[in-house]
Amino acid sequence: MRVNDHADRTSEPSVTSGPAAEKAAAGDAPRPLTGIRVIDVGNFLAGPYAAAMMGEFGAEVLKVEHPIGGDPMRRFGTPTSRPDATLKWLSESRNKKSVTIDLRQADGVQLFLRLVAKSDVLIENFRPGTMEEWGLTWEALTAANPRLVMLRVSGYGQTGPYRRRSGFAHIAPAFGGLNYLAGFPGETPVLPGTVPLGDYIASLYGAIGIMVALRHREKTGRGQIIDVGIYEAIFRMMEEIASVYGVSGKVREREGSGSFVAVPHGHFRTRDDKWIAIACTTDKMFERLSVAMGQPQLSSSGLYGDQRKRLAARETVNVIVTEWVASLDRTDVLRLCLDEEVPVGNVNSIADIFEDEHYIARGNLARILDEELGEIVVPGVVPTLSATPGRITNLGPTLGNATDAVMRELLGLTAAELQRLRQQKII
Amino acid sequence: MPPQDPAALPLAGIRVMDVATVIAAPYCATILGEFGADVLKVEHPIGGDALRRFGTPSQRGDTLVWMSESRNKRSVTLDLRKPEGVALFKELIAKTDVLCENFRTGTLEKWGLGWDVLHAINPRLIMLRVTGYGQTGPYSDRPGFARVAHAVGGIAYLAGMPKGTPVTPGSTTLGDYMTGLYGCLGVLMALRHRDLTGEGQYVDAALYESVFRCTEELAPAFAMYGTVRERQGSSHNDFACPHGHFATKDGKWVAISTATDKLFRRLAMAMGRPELAASSTYGEQKTRLEHRHDVNEIVRDWCGSLTREQVLERCYATDTPAGPLNNIADIFGDRQFHARRNLVSFDDPETGESIIVPSPVPALSETPGSIRSLGPKLGEHTEEVLTDVLGMTSAQIADLRAKRVI
C-alpha cells in the first residue's frame with residue numbers, strides 16, 4: 001500500500017480545483033470517482049463508511065465536523081497518544097479532510113449551503129428531522145444544488161412510526177432480526193461478531209445507492225435522496241426467513257454453531273484448543289470429509305451419505321466429527337481437509353490473521369504512516385478493481401485540518417472573513 | 001409495490017450475465033436488476049443453479065430463496081462444458097456489459113473463458129469474480145463458503161459466550177450477501193470508469209475480505225497494543241456499559257446501548273433510578289466499565305421484572321437507545337416494517353402460491369428499485385434471449401436443444 005504525502009498531517013491539504021489537479025495528485029492508476037466531491041456530515045460509521053469507500057476510489061471527501069470536539073468517533077474506541085483520534089477514527093476516516101462548521105448557527109448553515117453548491121454528494125446520519133430543524137431541508141439543499149445526491153442513514157429510515165428513535169450500534173441489527181439468531185437454541189442471544197456490523201452494511205447499501213443515483217444524474221441532471229434504515233439493510237440479508245414464515249408460519253430460531261440445512265456445518269474444537277470451521281453443504285463434500293477422516297464408510301448410502309440421513313442423525317454425525325477434530329491439532333485438521341478439498345477454514349482471531357500468509361499476500365493489512373503515531377495497520381481496500389484500484393492516502397485527519405484551504409479555495413473567503421468566523425466559533 | 005417501467009430505471013440498457021451460483025455474486029446481479037438492468041441468469045441445462053434446491057421449497061419446486069433472490073432475472077440454459085456452449089457464451093459476452101461469476105479460480109480459464117479471452121471479445125466488459133479467497137494469494141484455489149469466510153474473516157471467533165463455542169453470526173449466508181454488496185459497488189465504480197474511458201475491467205472480490213473489512217479497529221488495536229478481542233457473549237463492554245442484550249419477564253429479549261454518559265442518564269430515568277447516573281455512582285463511563293458486572297446486573301434485574309413491551313415503552317419515553325430482538329414473527333407484526341413496505345407479496349403465476357420477500361434496499365426517492373417478477377423457471381427465457389439477443393432461428397435453437405447445449 002502506497003503512502004503518499006497526504007499522510008503528512010501538518011501540511012495543509014489543497015482542495016481540488018479541477019479534474020486535472022486531482023489526476024495529477026492521484027498517483028499511478030486512475031480512479032473512477034475522481035472529480036466527485038462528497039460532504040460527510042455524519043458521526044460514527046453508518047454513512048461515513050460510505051464516504052470512506054468513495055474516498056478510496058478517488059472522491060474528495062470533506063468531513064464536516066462541529067468546531068468543538070468534532071465527530072464523537074474521535075473519542076470512541078481504543079485511544080492513541082493523539083487525543084483527537086482513536087484507532088477506529090484513524091482507520092475509518094481514511095482519505096478524508098476535516099472541515100469545521102457549526103450547523104447550529106445560522107451563519108454556519110449558510111456556509112454549509114455554499115459548500116453543498118460545490119459538491120456532488122452529501123452524506124448524513126442525524127436523527128431524522130435534525131437537519132430540517134437547522135433549515136437544511138431537501139428543498140433548501142436542492143435550491144443550492146439541484147444535482148445533489150444525498151445519502152441519509154438512520155436506525156429506522158426517514159419514514160414510518162419509529163423514524164425518530166435512535167438505532168445505534170446493535171439495536172438496529174437486533175430490530176432487523178439478526179441478533180435473535182446468534183447463539184445456542186434456547187440460550188442467550190449473543191452479539192453476531194462485532195457491534196457496528198449493521199453500520200458497515202447500511203453504508204454498503206448507501207454507497208450502492210449513491211452510485212446508482214450518480215448514474216441517473218448523469219443522464220437526467222437530477223439528484224435524489226437515498227434513504228437507508230440500518231435495520232432494513234440487515235433484514236434484506238435474511239435469505240429465506242421471511243418467505244418461509246410467510247408460507248408456513250415457521251419461525252427461525254438460533255442454531256448455535258451449526259446450520260438447519262446441512263450437517264456437518266459448524267465450528268469444532270481442535271486438540272490444541274483452537275477452532276475450525278467445516279461446511280459440508282452437499283453429499284459430495286461430506287464424502288470428501290469422510291475420506292479426510294479416514295472413515296470413507298461413513299458416506300456410504302447405508303450410513304450418512306445422504307444429507308437427509310445426516311440431518312436426522314445430526315447429533316451422531318456431529319459427535320463423530322467433533323471427536324475426530326479434537327484428536328488432532330488445527331494445522332493437521334486443516335491440511336487433511338484441504339487435501340480432500342473439504343470446505344474448511346480456521347476460526348481466526350485477530351492474532352491468527354496477522355500471521356496468515358494469505359492476508360499478507362492479498363494486502364489486506366495496510367500499513368499507513370501517521371506522522372505523530374508512526375505506522376498504523378488498518379484493513380486494506382475492498383473490493384479489488386483491476387484497472388482502477390482504490391487506495392488509502394491518509395488516515396483520519398486532525399480536527400479542521402482542511403478548513404482554511406476549503407474556505408479559501410472553494411468558497412473564496414478572505415483571511416479577514418476566516419478570522420471573524422473563527423472568533424464567532426462558526427468554524 | 002407497483003411494477004415500474006424498467007426503461008425509466010437508472011440501469012436500463014445495461015445487460016448483466018449472471019453465470020454464478022447460490023448467493024454471493026448472484027446477489028450483485030439481483031441489485032443491478034432491481035435498478036433496471038436486464039439480468040440473464042445463465043444456468044446449466046440440467047438442474048441449473050444449486051440455489052433452486054438449497055433451503056425450503058416453494059409449491060413450484062424451486063426454493064423460496066431462489067424465488068426471492070432471482071427476482072427480475074431471465075433464465076437461459078447453456079452448457080459451458082460443451083464447445084458449442086462456449087461459442088454461444090462468447091457471442092452473448094459481445095453483447096453484455098457485466099458478467100458475474102463465482103466459479104473456483106481457474107474454472108473459466110479451463111473452459112477457455114478467462115479474462116483475457118473475454119476482454120478481447122468485449123473490451124468494455126466488466127467482470128465480477130467472487131471466490132472464497134480471491135483470484136490471487138496462496139489459498140486462492142481453496143473452496144470457499146460463507147461459513148468458512150466468517151471464520152477466516154474473524155467474526156465467527158467473536159460470536160458466542162466467553163470461552164464457549166463460537167456460534168454462527170446470525171446467518172450462515174451473511175458473508176455471501178456482504179460480498180454481493182462489495183461486488184456490486186465495485187461493478188458500479190467500474191461502469192462509471194467505463195463510461196468515462198471506454199475501458200472495462202474485472203472486480204476481484206473474496207468472501208473472507210468482505211467480512212474482515214467490517215471488523216472495525218481489530219487490526220490496528222492488535223498491531224498497536226497486541227489486543228486480541230475475544231467472545232463476549234451478549235454484552236460488548238469494550239467501550240460502553242450497559243451495551244448488550246437483556247432478557248425480559250415474558251421470555252423475550254431487548255437490546256440496550258448506552259454509548260455515552262448522557263444516554264446512561266436517560267436509561268437511569270427510564271429505570272426510575274436517576275441516582276444511578278450521579279457522578280458518585282455510575283454517571284461516568286469509566287466507572288461503569290470498571291463495575292460492568294454490577295451495572296449489567298442492575299439492568300438485567302430491571303429488564304427481568306418487566307415485559308418487553310414495558311421495558312421498551314419506558315426506554316422510548318426517555319429516548320434511551322433500545323429495541324427488541326425481533327424474530328421473524330415479530331417482524332411480520334411490526335408497524336415500521338409495514339410503513340416502510342419492507343415485505344412485499346407476489347403470487348407465483350404457475351401455482352398461485354403467495355410468496356413474501358424482502359423489498360429492494362436502499363430506497364431511492366426518484367428511481368426506486370423494483371421487483372417485476374420472482375425467480376424464473378429453469379430455461380424459461382432461453383428461446384426468447386437467443387432469438388432477441390443473438391438473432392437465432394427456431395431451427396438453430398431446436399438443434400442446440402437436441403444436442404443438449406441449452
# chains A, B, ... in the order shown; residues from 1 in each chain; ligands from 1
>>> residues_around(residues="range 324-336 of chain A", least_positions_apart="4", cutoff="6 Å", atoms="only C-alpha atoms", output="list in words")
Arg269, Thr270, Arg271, Asp272 and Ala292 of chain A
>>> residues_around(residues="Gly42 in chain A", least_positions_apart="2", cutoff="7 Å", atoms="only C-alpha atoms", output="PDB file with N, CA, C and O atoms, in the first residue's frame")
ATOM      1  N   ASP A  40     -19.286  14.699   4.031  1.00  0.00           N
ATOM      2  CA  ASP A  40     -19.691  13.701   5.022  1.00  0.00           C
ATOM      3  C   ASP A  40     -19.918  14.449   6.332  1.00  0.00           C
ATOM      4  O   ASP A  40     -18.975  14.865   7.002  1.00  0.00           O
ATOM      5  N   PHE A  44     -19.771   8.774  13.664  1.00  0.00           N
ATOM      6  CA  PHE A  44     -19.510   7.335  13.744  1.00  0.00           C
ATOM      7  C   PHE A  44     -19.457   6.718  12.343  1.00  0.00           C
ATOM      8  O   PHE A  44     -18.903   7.341  11.439  1.00  0.00           O
ATOM      9  N   GLY A  47     -22.955   5.452   7.359  1.00  0.00           N
ATOM     10  CA  GLY A  47     -22.977   6.557   6.397  1.00  0.00           C
ATOM     11  C   GLY A  47     -21.556   7.024   6.135  1.00  0.00           C
ATOM     12  O   GLY A  47     -21.090   6.983   4.999  1.00  0.00           O
ATOM     13  N   PRO A  48     -20.843   7.477   7.176  1.00  0.00           N
ATOM     14  CA  PRO A  48     -19.442   7.859   6.962  1.00  0.00           C
ATOM     15  C   PRO A  48     -18.592   6.758   6.323  1.00  0.00           C
ATOM     16  O   PRO A  48     -17.655   7.050   5.588  1.00  0.00           O
ATOM     17  N   ILE A 123     -23.619  13.192   2.675  1.00  0.00           N
ATOM     18  CA  ILE A 123     -23.923  12.011   3.492  1.00  0.00           C
ATOM     19  C   ILE A 123     -24.198  12.467   4.921  1.00  0.00           C
ATOM     20  O   ILE A 123     -23.393  13.203   5.501  1.00  0.00           O
ATOM     21  N   GLU A 124     -25.335  12.046   5.477  1.00  0.00           N
ATOM     22  CA  GLU A 124     -25.649  12.440   6.858  1.00  0.00           C
ATOM     23  C   GLU A 124     -26.297  11.280   7.588  1.00  0.00           C
ATOM     24  O   GLU A 124     -26.870  10.380   6.966  1.00  0.00           O
ATOM     25  N   ASN A 125     -26.222  11.305   8.914  1.00  0.00           N
ATOM     26  CA  ASN A 125     -26.894  10.262   9.704  1.00  0.00           C
ATOM     27  C   ASN A 125     -27.446  10.803  11.017  1.00  0.00           C
ATOM     28  O   ASN A 125     -27.459  10.096  12.025  1.00  0.00           O
ATOM     29  N   PHE A 126     -27.900  12.062  10.995  1.00  0.00           N
ATOM     30  CA  PHE A 126     -28.538  12.597  12.191  1.00  0.00           C
ATOM     31  C   PHE A 126     -29.884  11.924  12.410  1.00  0.00           C
ATOM     32  O   PHE A 126     -30.418  11.277  11.509  1.00  0.00           O
TER      33      PHE A 126
END
>>> closest_residue(among="A:Ile208, A:Leu151, A:Val347, A:Leu115", to="Thr168 in chain B", atoms="only C-alpha atoms")
A:Val347
>>> closest_residue(among="B:Arg15, B:Arg81, B:Arg340, B:Lys252", to="Pro189 in chain A", atoms="only C-alpha atoms")
B:Lys252
>>> residues_around(residues="Ser370 in chain B", least_positions_apart="2", cutoff="10 Å", atoms="only C-alpha atoms", output="PyMOL selection string")
chain B and resi 1-6+9+31+33-36+71-72+359-361+363+367-368+372-373
>>> residues_around(residues="Val212 in chain A", least_positions_apart="5", cutoff="8 Å", atoms="only C-alpha atoms", output="list in words")
Pro10, Leu11, Phe35 and Leu188 of chain B
>>> residues_around(residues="Phe89 in chain B", least_positions_apart="2", cutoff="12 Å", atoms="only C-alpha atoms", output="short mmCIF file (atom, residue, chain, number, x, y, z; two decimals) with C-alpha atoms, in the first residue's frame")
data_model
loop_
_atom_site.label_atom_id
_atom_site.label_comp_id
_atom_site.auth_asym_id
_atom_site.auth_seq_id
_atom_site.Cartn_x
_atom_site.Cartn_y
_atom_site.Cartn_z
CA MET B 17 -24.95 -12.08 -17.38
CA ASP B 18 -25.15 -13.94 -14.09
CA VAL B 19 -23.37 -17.23 -14.59
CA LEU B 40 -29.67 -13.07 -17.85
CA VAL B 42 -27.11 -18.44 -17.35
CA GLU B 43 -27.57 -21.93 -15.91
CA VAL B 76 -31.12 -19.06 -20.07
CA THR B 77 -29.66 -22.56 -20.13
CA LEU B 78 -26.21 -23.14 -21.55
CA ASP B 79 -23.73 -25.97 -21.04
CA LEU B 80 -20.30 -24.38 -20.76
CA ARG B 81 -18.67 -27.80 -20.71
CA LYS B 82 -19.53 -28.20 -24.40
CA PRO B 83 -17.62 -26.30 -27.14
CA GLU B 84 -20.86 -25.10 -28.70
CA GLY B 85 -21.95 -23.75 -25.36
CA VAL B 86 -18.68 -21.88 -25.03
CA ALA B 87 -19.14 -20.42 -28.52
CA GLU B 91 -21.50 -14.42 -28.61
CA LEU B 92 -23.50 -13.31 -25.61
CA ILE B 93 -20.42 -11.74 -23.99
CA ALA B 94 -20.07 -9.48 -27.03
CA LYS B 95 -23.50 -8.07 -26.16
CA THR B 96 -23.07 -7.89 -22.39
CA LEU B 99 -20.57 -10.64 -16.15
CA LEU B 108 -13.49 -20.33 -16.59
CA TRP B 111 -13.19 -23.66 -20.46
CA GLY B 112 -11.27 -21.10 -22.50
CA LEU B 113 -13.24 -18.23 -20.96
CA VAL B 117 -10.34 -14.02 -23.84
CA LEU B 118 -13.48 -12.24 -22.68
CA ILE B 121 -14.11 -10.20 -27.30
CA LEU B 386 -31.34 -16.50 -28.18
CA VAL B 389 -30.19 -11.05 -28.49
CA LEU B 390 -28.41 -13.37 -30.91
CA VAL B 405 -26.17 -27.44 -25.33
CA ILE B 406 -29.15 -25.48 -23.97
#
>>> closest_residue(among="A:Phe235, A:Phe286, A:Phe112, A:Trp138", to="chain B", atoms="only C-alpha atoms")
A:Phe235
>>> residues_around(residues="Ala50 in chain B", least_positions_apart="2", cutoff="12 Å", atoms="only C-alpha atoms", output="ChimeraX atom specification")
/A:281-282 /B:19-23,26,43-48,52-55,62-63,65-66,378
>>> select_by_dssp(residues="range 158-345 of chain A", states="strand (DSSP E)", output="count of residues only")
18
>>> residues_around(residues="Glu133 in chain A", least_positions_apart="4", cutoff="12 Å", atoms="only C-alpha atoms", output="PDB file with all heavy atoms, in the first residue's frame")
ATOM      1  N   LEU A 103     -23.245  23.869  12.588  1.00  0.00           N
ATOM      2  CA  LEU A 103     -24.533  23.923  11.893  1.00  0.00           C
ATOM      3  C   LEU A 103     -25.653  24.414  12.791  1.00  0.00           C
ATOM      4  O   LEU A 103     -26.782  24.597  12.350  1.00  0.00           O
ATOM      5  CB  LEU A 103     -24.883  22.541  11.327  1.00  0.00           C
ATOM      6  CG  LEU A 103     -23.917  22.013  10.268  1.00  0.00           C
ATOM      7  CD1 LEU A 103     -24.288  20.596   9.860  1.00  0.00           C
ATOM      8  CD2 LEU A 103     -23.904  22.921   9.044  1.00  0.00           C
ATOM      9  N   ARG A 104     -25.324  24.626  14.075  1.00  0.00           N
ATOM     10  CA  ARG A 104     -26.345  25.154  14.988  1.00  0.00           C
ATOM     11  C   ARG A 104     -26.391  26.685  14.935  1.00  0.00           C
ATOM     12  O   ARG A 104     -27.198  27.310  15.604  1.00  0.00           O
ATOM     13  CB  ARG A 104     -26.086  24.654  16.410  1.00  0.00           C
ATOM     14  CG  ARG A 104     -26.406  23.166  16.573  1.00  0.00           C
ATOM     15  CD  ARG A 104     -25.722  22.552  17.788  1.00  0.00           C
ATOM     16  NE  ARG A 104     -25.895  21.094  17.814  1.00  0.00           N
ATOM     17  CZ  ARG A 104     -25.129  20.238  17.138  1.00  0.00           C
ATOM     18  NH1 ARG A 104     -24.134  20.688  16.387  1.00  0.00           N
ATOM     19  NH2 ARG A 104     -25.345  18.943  17.197  1.00  0.00           N
ATOM     20  N   GLN A 105     -25.501  27.284  14.147  1.00  0.00           N
ATOM     21  CA  GLN A 105     -25.533  28.737  13.958  1.00  0.00           C
ATOM     22  C   GLN A 105     -25.954  29.053  12.516  1.00  0.00           C
ATOM     23  O   GLN A 105     -25.541  28.362  11.575  1.00  0.00           O
ATOM     24  CB  GLN A 105     -24.147  29.334  14.203  1.00  0.00           C
ATOM     25  CG  GLN A 105     -23.637  29.100  15.627  1.00  0.00           C
ATOM     26  CD  GLN A 105     -22.480  30.011  15.961  1.00  0.00           C
ATOM     27  OE1 GLN A 105     -22.561  31.226  15.747  1.00  0.00           O
ATOM     28  NE2 GLN A 105     -21.403  29.448  16.470  1.00  0.00           N
ATOM     29  N   ALA A 106     -26.753  30.121  12.376  1.00  0.00           N
ATOM     30  CA  ALA A 106     -27.298  30.464  11.061  1.00  0.00           C
ATOM     31  C   ALA A 106     -26.182  30.699  10.037  1.00  0.00           C
ATOM     32  O   ALA A 106     -26.275  30.257   8.892  1.00  0.00           O
ATOM     33  CB  ALA A 106     -28.190  31.699  11.168  1.00  0.00           C
ATOM     34  N   VAL A 109     -24.901  27.468   8.787  1.00  0.00           N
ATOM     35  CA  VAL A 109     -25.805  26.847   7.818  1.00  0.00           C
ATOM     36  C   VAL A 109     -25.591  27.459   6.435  1.00  0.00           C
ATOM     37  O   VAL A 109     -25.539  26.735   5.428  1.00  0.00           O
ATOM     38  CB  VAL A 109     -27.274  27.002   8.282  1.00  0.00           C
ATOM     39  CG1 VAL A 109     -28.243  26.618   7.170  1.00  0.00           C
ATOM     40  CG2 VAL A 109     -27.521  26.147   9.522  1.00  0.00           C
ATOM     41  N   PHE A 126     -27.900  12.062  10.995  1.00  0.00           N
ATOM     42  CA  PHE A 126     -28.538  12.597  12.191  1.00  0.00           C
ATOM     43  C   PHE A 126     -29.884  11.924  12.410  1.00  0.00           C
ATOM     44  O   PHE A 126     -30.418  11.277  11.509  1.00  0.00           O
ATOM     45  CB  PHE A 126     -28.749  14.116  12.043  1.00  0.00           C
ATOM     46  CG  PHE A 126     -27.472  14.895  11.965  1.00  0.00           C
ATOM     47  CD1 PHE A 126     -27.005  15.376  10.749  1.00  0.00           C
ATOM     48  CD2 PHE A 126     -26.730  15.134  13.115  1.00  0.00           C
ATOM     49  CE1 PHE A 126     -25.814  16.093  10.682  1.00  0.00           C
ATOM     50  CE2 PHE A 126     -25.539  15.850  13.044  1.00  0.00           C
ATOM     51  CZ  PHE A 126     -25.078  16.322  11.830  1.00  0.00           C
ATOM     52  N   ARG A 127     -30.418  12.108  13.603  1.00  0.00           N
ATOM     53  CA  ARG A 127     -31.776  11.648  13.857  1.00  0.00           C
ATOM     54  C   ARG A 127     -32.686  12.339  12.840  1.00  0.00           C
ATOM     55  O   ARG A 127     -32.576  13.563  12.659  1.00  0.00           O
ATOM     56  CB  ARG A 127     -32.154  12.059  15.283  1.00  0.00           C
ATOM     57  CG  ARG A 127     -33.330  11.328  15.852  1.00  0.00           C
ATOM     58  CD  ARG A 127     -32.924  10.015  16.470  1.00  0.00           C
ATOM     59  NE  ARG A 127     -32.188  10.206  17.714  1.00  0.00           N
ATOM     60  CZ  ARG A 127     -32.756  10.214  18.928  1.00  0.00           C
ATOM     61  NH1 ARG A 127     -34.055  10.045  19.058  1.00  0.00           N
ATOM     62  NH2 ARG A 127     -32.019  10.348  20.009  1.00  0.00           N
ATOM     63  N   PRO A 128     -33.562  11.573  12.154  1.00  0.00           N
ATOM     64  CA  PRO A 128     -34.426  12.204  11.149  1.00  0.00           C
ATOM     65  C   PRO A 128     -35.138  13.433  11.722  1.00  0.00           C
ATOM     66  O   PRO A 128     -35.678  13.393  12.822  1.00  0.00           O
ATOM     67  CB  PRO A 128     -35.419  11.094  10.789  1.00  0.00           C
ATOM     68  CG  PRO A 128     -34.614   9.847  10.969  1.00  0.00           C
ATOM     69  CD  PRO A 128     -33.733  10.109  12.166  1.00  0.00           C
ATOM     70  N   GLY A 129     -35.107  14.514  10.957  1.00  0.00           N
ATOM     71  CA  GLY A 129     -35.710  15.774  11.393  1.00  0.00           C
ATOM     72  C   GLY A 129     -34.687  16.790  11.870  1.00  0.00           C
ATOM     73  O   GLY A 129     -34.969  17.988  11.905  1.00  0.00           O
ATOM     74  N   THR A 137     -33.342  21.626   4.866  1.00  0.00           N
ATOM     75  CA  THR A 137     -34.337  20.739   4.268  1.00  0.00           C
ATOM     76  C   THR A 137     -33.872  20.340   2.873  1.00  0.00           C
ATOM     77  O   THR A 137     -32.975  20.965   2.303  1.00  0.00           O
ATOM     78  CB  THR A 137     -35.685  21.479   4.115  1.00  0.00           C
ATOM     79  OG1 THR A 137     -35.460  22.629   3.286  1.00  0.00           O
ATOM     80  CG2 THR A 137     -36.213  21.940   5.467  1.00  0.00           C
ATOM     81  N   TRP A 138     -34.499  19.315   2.343  1.00  0.00           N
ATOM     82  CA  TRP A 138     -34.172  18.881   0.971  1.00  0.00           C
ATOM     83  C   TRP A 138     -34.413  20.022  -0.014  1.00  0.00           C
ATOM     84  O   TRP A 138     -33.644  20.212  -0.954  1.00  0.00           O
ATOM     85  CB  TRP A 138     -34.995  17.643   0.633  1.00  0.00           C
ATOM     86  CG  TRP A 138     -34.828  17.135  -0.772  1.00  0.00           C
ATOM     87  CD1 TRP A 138     -35.797  17.014  -1.715  1.00  0.00           C
ATOM     88  CD2 TRP A 138     -33.616  16.669  -1.401  1.00  0.00           C
ATOM     89  NE1 TRP A 138     -35.275  16.499  -2.886  1.00  0.00           N
ATOM     90  CE2 TRP A 138     -33.933  16.279  -2.719  1.00  0.00           C
ATOM     91  CE3 TRP A 138     -32.291  16.542  -0.971  1.00  0.00           C
ATOM     92  CZ2 TRP A 138     -32.988  15.780  -3.613  1.00  0.00           C
ATOM     93  CZ3 TRP A 138     -31.340  16.042  -1.863  1.00  0.00           C
ATOM     94  CH2 TRP A 138     -31.693  15.675  -3.159  1.00  0.00           C
ATOM     95  N   ALA A 140     -34.119  23.278   0.603  1.00  0.00           N
ATOM     96  CA  ALA A 140     -33.017  24.243   0.719  1.00  0.00           C
ATOM     97  C   ALA A 140     -31.746  23.687   0.077  1.00  0.00           C
ATOM     98  O   ALA A 140     -31.009  24.404  -0.610  1.00  0.00           O
ATOM     99  CB  ALA A 140     -32.764  24.576   2.183  1.00  0.00           C
TER     100      ALA A 140
END
>>> select_by_dssp(residues="range 147-328 of chain B", states="helix (DSSP H, G or I)", output="number ranges by chain")
B: 147-153, 156-158, 174-197, 207-213, 218-225, 261-270, 274-277, 285-290, 292-304, 308-317, 328
>>> closest_residue(among="A:Ser349, A:Thr403, A:Ser154, A:Thr86", to="chain B", atoms="only C-alpha atoms")
A:Ser349
>>> atom_distance(atom1="CA of His119 in chain B", atom2="CA of Cys100 in chain B")
13.9 Å
